[in-house]
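K.L.:
Coordinates in protein06.pdb, PDB, C-alpha atoms, are listed below.
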```pdb
ATOM      1  CA  MET N   1     112.519  10.662 -23.950  1.00  0.00           C
ATOM      2  CA  ASN N   2     111.976   7.759 -26.358  1.00  0.00           C
ATOM      3  CA  TRP N   3     108.299   7.186 -27.330  1.00  0.00           C
ATOM      4  CA  ARG N   4     108.739   3.465 -26.811  1.00  0.00           C
ATOM      5  CA  ASP N   5     109.215   4.125 -23.142  1.00  0.00           C
ATOM      6  CA  LEU N   6     105.566   5.221 -22.951  1.00  0.00           C
ATOM      7  CA  PHE N   7     104.354   1.736 -23.956  1.00  0.00           C
ATOM      8  CA  TYR N   8     106.842  -0.231 -21.906  1.00  0.00           C
ATOM      9  CA  PHE N   9     105.317  -2.461 -19.236  1.00  0.00           C
ATOM     10  CA  SER N  10     106.980  -4.643 -16.745  1.00  0.00           C
ATOM     11  CA  LYS N  11     106.314  -8.335 -16.652  1.00  0.00           C
ATOM     12  CA  GLY N  12     103.880  -7.977 -13.685  1.00  0.00           C
ATOM     13  CA  GLU N  13     102.005  -5.153 -15.376  1.00  0.00           C
ATOM     14  CA  ARG N  14     101.607  -7.207 -18.530  1.00  0.00           C
ATOM     15  CA  ARG N  15     100.105 -10.087 -16.528  1.00  0.00           C
ATOM     16  CA  ALA N  16      97.640  -7.786 -14.746  1.00  0.00           C
ATOM     17  CA  PHE N  17      96.638  -6.186 -18.016  1.00  0.00           C
ATOM     18  CA  THR N  18      96.107  -9.583 -19.632  1.00  0.00           C
ATOM     19  CA  LEU N  19      93.954 -10.764 -16.681  1.00  0.00           C
ATOM     20  CA  LEU N  20      91.825  -7.610 -16.776  1.00  0.00           C
ATOM     21  CA  LEU N  21      91.307  -7.954 -20.513  1.00  0.00           C
ATOM     22  CA  SER N  22      90.249 -11.578 -20.066  1.00  0.00           C
ATOM     23  CA  LEU N  23      87.703 -10.695 -17.364  1.00  0.00           C
ATOM     24  CA  ILE N  24      86.232  -7.939 -19.539  1.00  0.00           C
ATOM     25  CA  THR N  25      85.912 -10.359 -22.481  1.00  0.00           C
ATOM     26  CA  ILE N  26      84.213 -13.064 -20.353  1.00  0.00           C
ATOM     27  CA  SER N  27      81.796 -10.564 -18.819  1.00  0.00           C
ATOM     28  CA  TRP N  28      80.829  -9.214 -22.226  1.00  0.00           C
ATOM     29  CA  PHE N  29      80.244 -12.743 -23.547  1.00  0.00           C
ATOM     30  CA  LEU N  30      78.030 -13.751 -20.573  1.00  0.00           C
ATOM     31  CA  LEU N  31      76.042 -10.521 -20.738  1.00  0.00           C
ATOM     32  CA  ASN N  32      75.244 -10.981 -24.432  1.00  0.00           C
ATOM     33  CA  ARG N  33      74.273 -14.604 -23.896  1.00  0.00           C
ATOM     34  CA  THR N  34      71.891 -13.775 -21.063  1.00  0.00           C
ATOM     35  CA  ASP N  35      70.143 -11.010 -22.996  1.00  0.00           C
ATOM     36  CA  SER N  36      69.624 -13.278 -26.015  1.00  0.00           C
ATOM     37  CA  GLN N  37      67.589 -15.828 -23.966  1.00  0.00           C
ATOM     38  CA  PRO N  38      64.294 -14.389 -22.597  1.00  0.00           C
ATOM     39  CA  ILE N  39      63.191 -15.511 -19.202  1.00  0.00           C
ATOM     40  CA  PRO N  40      60.212 -17.904 -19.630  1.00  0.00           C
ATOM     41  CA  ILE N  41      57.898 -15.932 -17.354  1.00  0.00           C
ATOM     42  CA  HIS N  42      55.037 -15.715 -19.851  1.00  0.00           C
ATOM     43  CA  SER N  43      55.142 -19.372 -20.715  1.00  0.00           C
ATOM     44  CA  GLU N  44      54.939 -20.369 -17.064  1.00  0.00           C
ATOM     45  CA  SER N  45      52.137 -17.901 -16.561  1.00  0.00           C
ATOM     46  CA  ASN N  46      50.268 -19.332 -19.546  1.00  0.00           C
ATOM     47  CA  ASN N  47      50.708 -22.857 -18.238  1.00  0.00           C
ATOM     48  CA  TYR N  48      49.400 -21.780 -14.858  1.00  0.00           C
ATOM     49  CA  GLN N  49      46.368 -20.185 -16.394  1.00  0.00           C
ATOM     50  CA  LYS N  50      45.623 -23.329 -18.369  1.00  0.00           C
ATOM     51  CA  GLU N  51      45.583 -25.372 -15.181  1.00  0.00           C
ATOM     52  CA  ILE N  52      42.837 -23.148 -13.668  1.00  0.00           C
ATOM     53  CA  PRO N  53      39.480 -23.403 -15.496  1.00  0.00           C
ATOM     54  CA  GLN N  54      38.005 -20.036 -16.394  1.00  0.00           C
ATOM     55  CA  VAL N  55      34.490 -19.490 -14.987  1.00  0.00           C
ATOM     56  CA  SER N  56      32.301 -16.843 -16.556  1.00  0.00           C
ATOM     57  CA  ASN N  57      30.411 -14.318 -14.457  1.00  0.00           C
ATOM     58  CA  GLU N  58      27.115 -15.865 -15.523  1.00  0.00           C
ATOM     59  CA  LYS N  59      28.142 -19.246 -14.150  1.00  0.00           C
ATOM     60  CA  VAL N  60      29.107 -17.730 -10.823  1.00  0.00           C
ATOM     61  CA  VAL N  61      25.719 -16.076 -10.528  1.00  0.00           C
ATOM     62  CA  ASN N  62      24.008 -19.357 -11.310  1.00  0.00           C
ATOM     63  CA  ILE N  63      26.046 -21.168  -8.682  1.00  0.00           C
ATOM     64  CA  GLN N  64      25.178 -18.562  -6.114  1.00  0.00           C
ATOM     65  CA  LYS N  65      21.496 -18.802  -6.969  1.00  0.00           C
ATOM     66  CA  GLU N  66      21.543 -22.559  -6.696  1.00  0.00           C
ATOM     67  CA  THR N  67      23.283 -22.602  -3.324  1.00  0.00           C
ATOM     68  CA  PHE N  68      21.530 -19.532  -1.870  1.00  0.00           C
ATOM     69  CA  ILE N  69      18.196 -21.313  -1.322  1.00  0.00           C
ATOM     70  CA  PRO N  70      18.892 -23.966   1.313  1.00  0.00           C
ATOM     71  CA  GLN N  71      16.220 -26.286   2.582  1.00  0.00           C
ATOM     72  CA  THR N  72      16.445 -24.639   6.007  1.00  0.00           C
ATOM     73  CA  ASN N  73      15.134 -21.402   4.496  1.00  0.00           C
ATOM     74  CA  LYS N  74      12.081 -23.204   3.165  1.00  0.00           C
ATOM     75  CA  ARG N  75      11.449 -24.847   6.522  1.00  0.00           C
ATOM     76  CA  TYR N  76      11.812 -21.451   8.201  1.00  0.00           C
ATOM     77  CA  LYS N  77       9.002 -19.993   6.075  1.00  0.00           C
ATOM     78  CA  ASN N  78       6.730 -22.959   6.508  1.00  0.00           C
ATOM     79  CA  SER N  79       7.170 -22.907  10.280  1.00  0.00           C
ATOM     80  CA  PHE N  80       5.446 -19.511  10.430  1.00  0.00           C
ATOM     81  CA  GLN N  81       2.433 -20.445   8.315  1.00  0.00           C
ATOM     82  CA  THR N  82      -0.829 -20.484  10.288  1.00  0.00           C
ATOM     83  CA  LYS N  83      -2.492 -23.863  10.287  1.00  0.00           C
ATOM     84  CA  LYS N  84      -6.074 -23.461   9.076  1.00  0.00           C
ATOM     85  CA  TYR N  85      -9.158 -25.013  10.654  1.00  0.00           C
ATOM     86  CA  PRO N  86     -10.723 -28.015   8.911  1.00  0.00           C
ATOM     87  CA  VAL N  87     -13.960 -27.583   6.994  1.00  0.00           C
ATOM     88  CA  GLY N  88     -16.953 -27.624   9.311  1.00  0.00           C
ATOM     89  CA  THR N  89     -15.350 -25.583  12.097  1.00  0.00           C
ATOM     90  CA  VAL N  90     -17.532 -22.742  13.423  1.00  0.00           C
ATOM     91  CA  VAL N  91     -16.042 -19.788  15.302  1.00  0.00           C
ATOM     92  CA  GLU N  92     -17.862 -17.383  17.651  1.00  0.00           C
ATOM     93  CA  LEU N  93     -17.325 -14.020  15.960  1.00  0.00           C
ATOM     94  CA  ASN N  94     -17.656 -11.844  19.056  1.00  0.00           C
ATOM     95  CA  ILE N  95     -14.922 -13.509  21.117  1.00  0.00           C
ATOM     96  CA  ALA N  96     -12.424 -14.652  18.466  1.00  0.00           C
ATOM     97  CA  ASP N  97      -9.026 -12.963  18.648  1.00  0.00           C
ATOM     98  CA  THR N  98      -6.645 -12.410  15.725  1.00  0.00           C
ATOM     99  CA  THR N  99      -4.948 -15.782  16.265  1.00  0.00           C
ATOM    100  CA  ILE N 100      -8.257 -17.624  15.887  1.00  0.00           C
ATOM    101  CA  LEU N 101      -9.414 -15.494  12.966  1.00  0.00           C
ATOM    102  CA  LYS N 102      -6.230 -16.193  11.011  1.00  0.00           C
ATOM    103  CA  LYS N 103      -7.011 -19.906  11.167  1.00  0.00           C
ATOM    104  CA  ILE N 104     -10.096 -19.302   9.028  1.00  0.00           C
ATOM    105  CA  PRO N 105      -9.316 -19.891   5.319  1.00  0.00           C
ATOM    106  CA  GLY N 106      -9.296 -16.559   3.514  1.00  0.00           C
ATOM    107  CA  ILE N 107      -8.342 -14.494   6.577  1.00  0.00           C
ATOM    108  CA  GLY N 108      -4.801 -13.284   7.108  1.00  0.00           C
ATOM    109  CA  SER N 109      -3.274 -10.772   9.495  1.00  0.00           C
ATOM    110  CA  THR N 110      -4.756  -7.743   7.707  1.00  0.00           C
ATOM    111  CA  PHE N 111      -8.373  -8.921   7.675  1.00  0.00           C
ATOM    112  CA  ALA N 112      -8.077 -10.300  11.203  1.00  0.00           C
ATOM    113  CA  ARG N 113      -7.052  -6.862  12.484  1.00  0.00           C
ATOM    114  CA  ARG N 114      -9.800  -5.115  10.508  1.00  0.00           C
ATOM    115  CA  ILE N 115     -12.496  -7.440  11.851  1.00  0.00           C
ATOM    116  CA  ILE N 116     -11.346  -6.935  15.443  1.00  0.00           C
ATOM    117  CA  LYS N 117     -11.149  -3.165  14.997  1.00  0.00           C
ATOM    118  CA  TYR N 118     -14.636  -2.919  13.508  1.00  0.00           C
ATOM    119  CA  ARG N 119     -16.049  -5.185  16.226  1.00  0.00           C
ATOM    120  CA  GLU N 120     -14.607  -2.874  18.876  1.00  0.00           C
ATOM    121  CA  LEU N 121     -16.167   0.172  17.215  1.00  0.00           C
ATOM    122  CA  LEU N 122     -19.563  -1.511  17.000  1.00  0.00           C
ATOM    123  CA  GLY N 123     -19.484  -2.985  20.476  1.00  0.00           C
ATOM    124  CA  GLY N 124     -19.863  -6.458  18.986  1.00  0.00           C
ATOM    125  CA  PHE N 125     -21.559  -8.107  16.013  1.00  0.00           C
ATOM    126  CA  TYR N 126     -25.272  -9.009  16.116  1.00  0.00           C
ATOM    127  CA  SER N 127     -25.148 -10.712  12.693  1.00  0.00           C
ATOM    128  CA  VAL N 128     -22.499 -12.490  10.635  1.00  0.00           C
ATOM    129  CA  ASN N 129     -23.749 -10.400   7.718  1.00  0.00           C
ATOM    130  CA  GLN N 130     -22.077  -7.361   9.301  1.00  0.00           C
ATOM    131  CA  LEU N 131     -18.758  -8.709   8.042  1.00  0.00           C
ATOM    132  CA  THR N 132     -19.678  -7.135   4.700  1.00  0.00           C
ATOM    133  CA  GLU N 133     -19.186  -3.761   6.389  1.00  0.00           C
ATOM    134  CA  VAL N 134     -15.522  -4.536   7.102  1.00  0.00           C
ATOM    135  CA  TYR N 135     -13.269  -2.801   4.601  1.00  0.00           C
ATOM    136  CA  GLY N 136     -12.130  -5.159   1.836  1.00  0.00           C
ATOM    137  CA  ILE N 137     -14.702  -7.908   2.445  1.00  0.00           C
ATOM    138  CA  ASP N 138     -16.810  -7.955  -0.703  1.00  0.00           C
ATOM    139  CA  ALA N 139     -19.742 -10.229  -1.507  1.00  0.00           C
ATOM    140  CA  GLU N 140     -17.540 -13.009  -2.870  1.00  0.00           C
ATOM    141  CA  ARG N 141     -15.214 -13.038   0.127  1.00  0.00           C
ATOM    142  CA  TYR N 142     -18.143 -12.840   2.537  1.00  0.00           C
ATOM    143  CA  ALA N 143     -19.777 -15.866   0.886  1.00  0.00           C
ATOM    144  CA  SER N 144     -16.641 -17.894   1.584  1.00  0.00           C
ATOM    145  CA  LEU N 145     -16.307 -16.635   5.188  1.00  0.00           C
ATOM    146  CA  ALA N 146     -19.904 -16.745   6.420  1.00  0.00           C
ATOM    147  CA  PRO N 147     -20.113 -20.544   7.002  1.00  0.00           C
ATOM    148  CA  TRP N 148     -17.191 -20.337   9.445  1.00  0.00           C
ATOM    149  CA  PHE N 149     -18.912 -18.018  11.940  1.00  0.00           C
ATOM    150  CA  ARG N 150     -21.794 -17.729  14.347  1.00  0.00           C
ATOM    151  CA  VAL N 151     -22.754 -14.786  16.593  1.00  0.00           C
ATOM    152  CA  ASP N 152     -23.663 -14.711  20.273  1.00  0.00           C
ATOM    153  CA  THR N 153     -25.357 -11.332  20.865  1.00  0.00           C
ATOM    154  CA  THR N 154     -24.894 -11.578  24.636  1.00  0.00           C
ATOM    155  CA  HIS N 155     -21.331 -10.364  24.054  1.00  0.00           C
ATOM    156  CA  ILE N 156     -22.504  -7.029  22.630  1.00  0.00           C
ATOM    157  CA  GLN N 157     -21.582  -3.994  24.722  1.00  0.00           C
ATOM    158  CA  PRO N 158     -24.358  -1.418  24.155  1.00  0.00           C
ATOM    159  CA  LEU N 159     -23.977   2.365  24.198  1.00  0.00           C
ATOM    160  CA  GLU N 160     -25.445   4.055  27.264  1.00  0.00           C
ATOM    161  CA  VAL N 161     -26.802   7.118  25.489  1.00  0.00           C
ATOM    162  CA  ASN N 162     -27.777   8.813  28.747  1.00  0.00           C
ATOM    163  CA  ASN N 163     -24.230   8.723  30.116  1.00  0.00           C
ATOM    164  CA  LEU N 164     -21.688   8.766  27.313  1.00  0.00           C
ATOM    165  CA  PRO N 165     -20.106  11.992  26.018  1.00  0.00           C
ATOM    166  CA  PHE N 166     -20.442  13.348  22.500  1.00  0.00           C
ATOM    167  CA  SER N 167     -17.005  12.083  21.328  1.00  0.00           C
ATOM    168  CA  THR N 168     -17.662   8.500  22.430  1.00  0.00           C
ATOM    169  CA  LEU N 169     -21.094   8.311  20.801  1.00  0.00           C
ATOM    170  CA  LEU N 170     -19.731   9.758  17.563  1.00  0.00           C
ATOM    171  CA  LYS N 171     -17.188   6.920  17.233  1.00  0.00           C
ATOM    172  CA  HIS N 172     -19.925   4.369  16.659  1.00  0.00           C
ATOM    173  CA  PRO N 173     -20.164   3.433  12.945  1.00  0.00           C
ATOM    174  CA  TYR N 174     -23.974   3.740  12.928  1.00  0.00           C
ATOM    175  CA  LEU N 175     -24.186   7.220  14.452  1.00  0.00           C
ATOM    176  CA  ASN N 176     -23.406  10.443  12.585  1.00  0.00           C
ATOM    177  CA  TYR N 177     -22.795  13.966  13.815  1.00  0.00           C
ATOM    178  CA  GLN N 178     -26.401  15.168  13.545  1.00  0.00           C
ATOM    179  CA  GLN N 179     -27.773  12.120  15.326  1.00  0.00           C
ATOM    180  CA  VAL N 180     -25.370  12.457  18.242  1.00  0.00           C
ATOM    181  CA  LYS N 181     -26.130  16.168  18.446  1.00  0.00           C
ATOM    182  CA  VAL N 182     -29.869  15.610  18.722  1.00  0.00           C
ATOM    183  CA  ILE N 183     -29.378  12.906  21.369  1.00  0.00           C
ATOM    184  CA  LEU N 184     -27.452  15.349  23.560  1.00  0.00           C
ATOM    185  CA  GLN N 185     -30.096  18.033  22.993  1.00  0.00           C
ATOM    186  CA  LEU N 186     -32.842  15.658  24.129  1.00  0.00           C
ATOM    187  CA  ARG N 187     -30.785  14.664  27.135  1.00  0.00           C
ATOM    188  CA  LYS N 188     -30.500  18.314  28.052  1.00  0.00           C
ATOM    189  CA  GLN N 189     -34.238  18.900  27.616  1.00  0.00           C
ATOM    190  CA  LYS N 190     -35.603  15.728  29.215  1.00  0.00           C
ATOM    191  CA  GLY N 191     -32.802  14.908  31.609  1.00  0.00           C
ATOM    192  CA  LYS N 192     -32.636  11.440  30.093  1.00  0.00           C
ATOM    193  CA  LEU N 193     -34.033   9.389  27.240  1.00  0.00           C
ATOM    194  CA  SER N 194     -36.517   6.726  28.289  1.00  0.00           C
ATOM    195  CA  GLY N 195     -36.516   4.641  25.125  1.00  0.00           C
ATOM    196  CA  TRP N 196     -36.808   4.518  21.357  1.00  0.00           C
ATOM    197  CA  LYS N 197     -40.050   6.475  21.513  1.00  0.00           C
ATOM    198  CA  ASN N 198     -37.878   9.554  22.081  1.00  0.00           C
ATOM    199  CA  LEU N 199     -36.006   8.990  18.812  1.00  0.00           C
ATOM    200  CA  GLN N 200     -38.341   7.247  16.386  1.00  0.00           C
ATOM    201  CA  LEU N 201     -40.219  10.410  15.361  1.00  0.00           C
ATOM    202  CA  LEU N 202     -37.066  12.451  14.734  1.00  0.00           C
ATOM    203  CA  GLU N 203     -36.119  13.006  11.114  1.00  0.00           C
ATOM    204  CA  GLU N 204     -32.469  12.309  11.965  1.00  0.00           C
ATOM    205  CA  PHE N 205     -33.339   8.651  12.620  1.00  0.00           C
ATOM    206  CA  THR N 206     -34.812   6.599   9.794  1.00  0.00           C
ATOM    207  CA  GLU N 207     -36.393   3.178  10.126  1.00  0.00           C
ATOM    208  CA  LEU N 208     -33.152   1.654   8.858  1.00  0.00           C
ATOM    209  CA  ASP N 209     -31.164   3.570  11.476  1.00  0.00           C
ATOM    210  CA  ARG N 210     -33.463   2.303  14.209  1.00  0.00           C
ATOM    211  CA  LYS N 211     -33.093  -1.311  13.086  1.00  0.00           C
ATOM    212  CA  ARG N 212     -29.310  -1.051  12.893  1.00  0.00           C
ATOM    213  CA  LEU N 213     -28.952   0.774  16.218  1.00  0.00           C
ATOM    214  CA  TYR N 214     -31.501  -1.233  18.201  1.00  0.00           C
ATOM    215  CA  PRO N 215     -28.978  -3.824  19.521  1.00  0.00           C
ATOM    216  CA  TYR N 216     -26.468  -1.094  20.444  1.00  0.00           C
ATOM    217  CA  ILE N 217     -28.560   1.522  22.276  1.00  0.00           C
ATOM    218  CA  SER N 218     -29.156   1.282  26.004  1.00  0.00           C
ATOM    219  CA  PHE N 219     -31.359   3.826  27.760  1.00  0.00           C
ATOM    220  CA  THR N 220     -30.367   2.846  31.268  1.00  0.00           C
ATOM    221  CA  THR N 221     -28.975   5.537  33.521  1.00  0.00           C
ATOM    222  CA  LYS N 222     -26.166   5.169  35.996  1.00  0.00           C
ATOM    223  CA  PRO N 223     -27.191   6.033  39.545  1.00  0.00           C
TER
END
```
As structure tokens - that is how I would like this structure written.

P.N.:
Amino acid sequence: MNWRDLFYFSKGERRAFTLLLSLITISWFLLNRTDSQPIPIHSESNNYQKEIPQVSNEKVVNIQKETFIPQTNKRYKNSFQTKKYPVGTVVELNIADTTILKKIPGIGSTFARRIIKYRELLGGFYSVNQLTEVYGIDAERYASLAPWFRVDTTHIQPLEVNNLPFSTLLKHPYLNYQQVKVILQLRKQKGKLSGWKNLQLLEEFTELDRKRLYPYISFTTKP
């Protein structure tokens, strides 16, 4: 077999080979051209970023702080402030509730509750000066509060020492354990106490105790 026969192609085969070679050449050329030109992704991205202003974290916080305090919030707080009485107003201390007390300048919810609680323990105030016995009311605060009050002693609810049990008598701020104990002992001995003459000679009751307790002790006996 002649070696030339190995490289012999018909006319149709030569055309097909030429076409294939041309396609390969064109494809190679286009591929190289495409790779040599980078896609402008970064440049478009940079342009996009330039169009959007960069805001620092500090600025965002400031914006939030400025817009977080609307006028409605301020009105909301003010709407719950208690309107105070004008100067010259006088309040009856033994019947005032917490709402009335909070209208006195210098008295808020805390002091209003303390005053009411202490008044209940006493059975009522017989003097405005007793406000100094309320926890937290010092001499300076009392001086500013005193002109706003008066006291009607007819509202005092006295202790019926001949009828009340030990636990109830002991709750009164002016009676201590020993004093209540001796009252019950006298009740047991005498049947009932007739008046201050039964207590004034006892060492458990000083002259100061008698003066403080006088408006709050009742010696009446229930039938």

K.L.:
In file coordinates, which residues lie within 10 Å of (-20.7, 3.9, 19.6) using all atoms listed in the file, given as number ranges by chain?

P.N.:
N: 120-123, 157-161, 164, 166-176, 180, 213, 216-217

K.L.:
Evaluated on this file, the PyMOL selection byres ((chain N and resi 142-154) around 10) picks out some residues - which ones are they, written as a ChimeraX atom specification?

P.N.:
/N:85,87-96,101,104-107,124-134,136-141,155-157,215

K.L.:
Store the residues picked out above, limited to C-alpha atoms, as a PDB file, keeping the file's coordinate frame.

P.N.:
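The resulting file, part.pdb, is reproduced below:
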```pdb
ATOM      1  CA  TYR N  85      -9.158 -25.013  10.654  1.00  0.00           C
ATOM      2  CA  VAL N  87     -13.960 -27.583   6.994  1.00  0.00           C
ATOM      3  CA  GLY N  88     -16.953 -27.624   9.311  1.00  0.00           C
ATOM      4  CA  THR N  89     -15.350 -25.583  12.097  1.00  0.00           C
ATOM      5  CA  VAL N  90     -17.532 -22.742  13.423  1.00  0.00           C
ATOM      6  CA  VAL N  91     -16.042 -19.788  15.302  1.00  0.00           C
ATOM      7  CA  GLU N  92     -17.862 -17.383  17.651  1.00  0.00           C
ATOM      8  CA  LEU N  93     -17.325 -14.020  15.960  1.00  0.00           C
ATOM      9  CA  ASN N  94     -17.656 -11.844  19.056  1.00  0.00           C
ATOM     10  CA  ILE N  95     -14.922 -13.509  21.117  1.00  0.00           C
ATOM     11  CA  ALA N  96     -12.424 -14.652  18.466  1.00  0.00           C
ATOM     12  CA  LEU N 101      -9.414 -15.494  12.966  1.00  0.00           C
ATOM     13  CA  ILE N 104     -10.096 -19.302   9.028  1.00  0.00           C
ATOM     14  CA  PRO N 105      -9.316 -19.891   5.319  1.00  0.00           C
ATOM     15  CA  GLY N 106      -9.296 -16.559   3.514  1.00  0.00           C
ATOM     16  CA  ILE N 107      -8.342 -14.494   6.577  1.00  0.00           C
ATOM     17  CA  GLY N 124     -19.863  -6.458  18.986  1.00  0.00           C
ATOM     18  CA  PHE N 125     -21.559  -8.107  16.013  1.00  0.00           C
ATOM     19  CA  TYR N 126     -25.272  -9.009  16.116  1.00  0.00           C
ATOM     20  CA  SER N 127     -25.148 -10.712  12.693  1.00  0.00           C
ATOM     21  CA  VAL N 128     -22.499 -12.490  10.635  1.00  0.00           C
ATOM     22  CA  ASN N 129     -23.749 -10.400   7.718  1.00  0.00           C
ATOM     23  CA  GLN N 130     -22.077  -7.361   9.301  1.00  0.00           C
ATOM     24  CA  LEU N 131     -18.758  -8.709   8.042  1.00  0.00           C
ATOM     25  CA  THR N 132     -19.678  -7.135   4.700  1.00  0.00           C
ATOM     26  CA  GLU N 133     -19.186  -3.761   6.389  1.00  0.00           C
ATOM     27  CA  VAL N 134     -15.522  -4.536   7.102  1.00  0.00           C
ATOM     28  CA  GLY N 136     -12.130  -5.159   1.836  1.00  0.00           C
ATOM     29  CA  ILE N 137     -14.702  -7.908   2.445  1.00  0.00           C
ATOM     30  CA  ASP N 138     -16.810  -7.955  -0.703  1.00  0.00           C
ATOM     31  CA  ALA N 139     -19.742 -10.229  -1.507  1.00  0.00           C
ATOM     32  CA  GLU N 140     -17.540 -13.009  -2.870  1.00  0.00           C
ATOM     33  CA  ARG N 141     -15.214 -13.038   0.127  1.00  0.00           C
ATOM     34  CA  HIS N 155     -21.331 -10.364  24.054  1.00  0.00           C
ATOM     35  CA  ILE N 156     -22.504  -7.029  22.630  1.00  0.00           C
ATOM     36  CA  GLN N 157     -21.582  -3.994  24.722  1.00  0.00           C
ATOM     37  CA  PRO N 215     -28.978  -3.824  19.521  1.00  0.00           C
TER      38      PRO N 215
END
```

K.L.:
Using Å and a single decimal, report how far atom CA of N:Tyr118 sits from atom CA of N:Leu208.

P.N.:
19.6 Å

K.L.:
If the box runs along x, y and z of the file and leaves 5 Å on each side of stretch 90-96 of chain N, what are its centre and edge lengths in Å, one decimal, as AutoDock Vina command-line options?

P.N.:
```
--center_x -15.1 --center_y -17.3 --center_z 17.3 --size_x 15.4 --size_y 20.9 --size_z 17.7
```

K.L.:
One decimal, in Å: what's the spacing between atom CA of N:Lys190 and atom CA of N:Asn162?

P.N.:
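Calculated distance between atom CA of N:Lys190 and atom CA of N:Asn162 is 10.5 Å.
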
K.L.:
From the options N:Val182, N:Ile100, N:Leu19, N:Leu193, which residue's atoms come nearest to N:Ile115, counting all atoms listed in the file?

P.N.:
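That would be N:Ile100, the residue with the smallest distance to N:Ile115.
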
K.L.:
Could you give me, as a ChimeraX atom specification, the residues within 10 Å of N:Trp196, counting all atoms listed in the file and dropping anything in the same chain fewer than 6 positions from it?

P.N.:
/N:210,214,217-219

K.L.:
Could you please take those selected residues and save C-alpha atoms as a PDB file, in the frame of the given file?

P.N.:
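And here is the file that came out, selection.pdb:
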```
ATOM      1  CA  ARG N 210     -33.463   2.303  14.209  1.00  0.00           C
ATOM      2  CA  TYR N 214     -31.501  -1.233  18.201  1.00  0.00           C
ATOM      3  CA  ILE N 217     -28.560   1.522  22.276  1.00  0.00           C
ATOM      4  CA  SER N 218     -29.156   1.282  26.004  1.00  0.00           C
ATOM      5  CA  PHE N 219     -31.359   3.826  27.760  1.00  0.00           C
TER       6      PHE N 219
END
```

K.L.:
Compile the contact shell of N:Lys103 as a list of chain:residue names: residues with an atom at most 9 Å away, counting all atoms listed in the file, same-chain residues fewer than 6 positions apart removed.

P.N.:
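The residues satisfying every condition are N:Thr82, N:Lys83, N:Lys84, N:Tyr85.
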
K.L.:
Just give me the gap between atom CA of N:Leu186 and atom CA of N:Leu199 in Å, one decimal is fine.

P.N.:
9.1 Å

K.L.:
Have a look at N:Asp97, N:Lys102, N:Leu20, N:Phe205 and name the one nearest to N:Arg119; count only C-alpha atoms.

P.N.:
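Answer, going by the shortest atom-to-atom distance: N:Asp97.
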
K.L.:
For each of N:Leu31, N:Leu23, N:Gln185, N:Thr110, take the minimum atom-to-atom distance to N:Asn198, counting only C-alpha atoms, then give the residue where this is smallest.

P.N.:
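Using only C-alpha atoms, the shortest distance to N:Asn198 belongs to N:Gln185.
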
K.L.:
When you count all atoms listed in the file, which of these residues is closest to N:Thr220: N:Ser109, N:Leu184, N:Asn163, N:Gly191?

P.N.:
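Between N:Ser109, N:Leu184, N:Asn163, N:Gly191, the residue approaching N:Thr220 most closely is N:Asn163.
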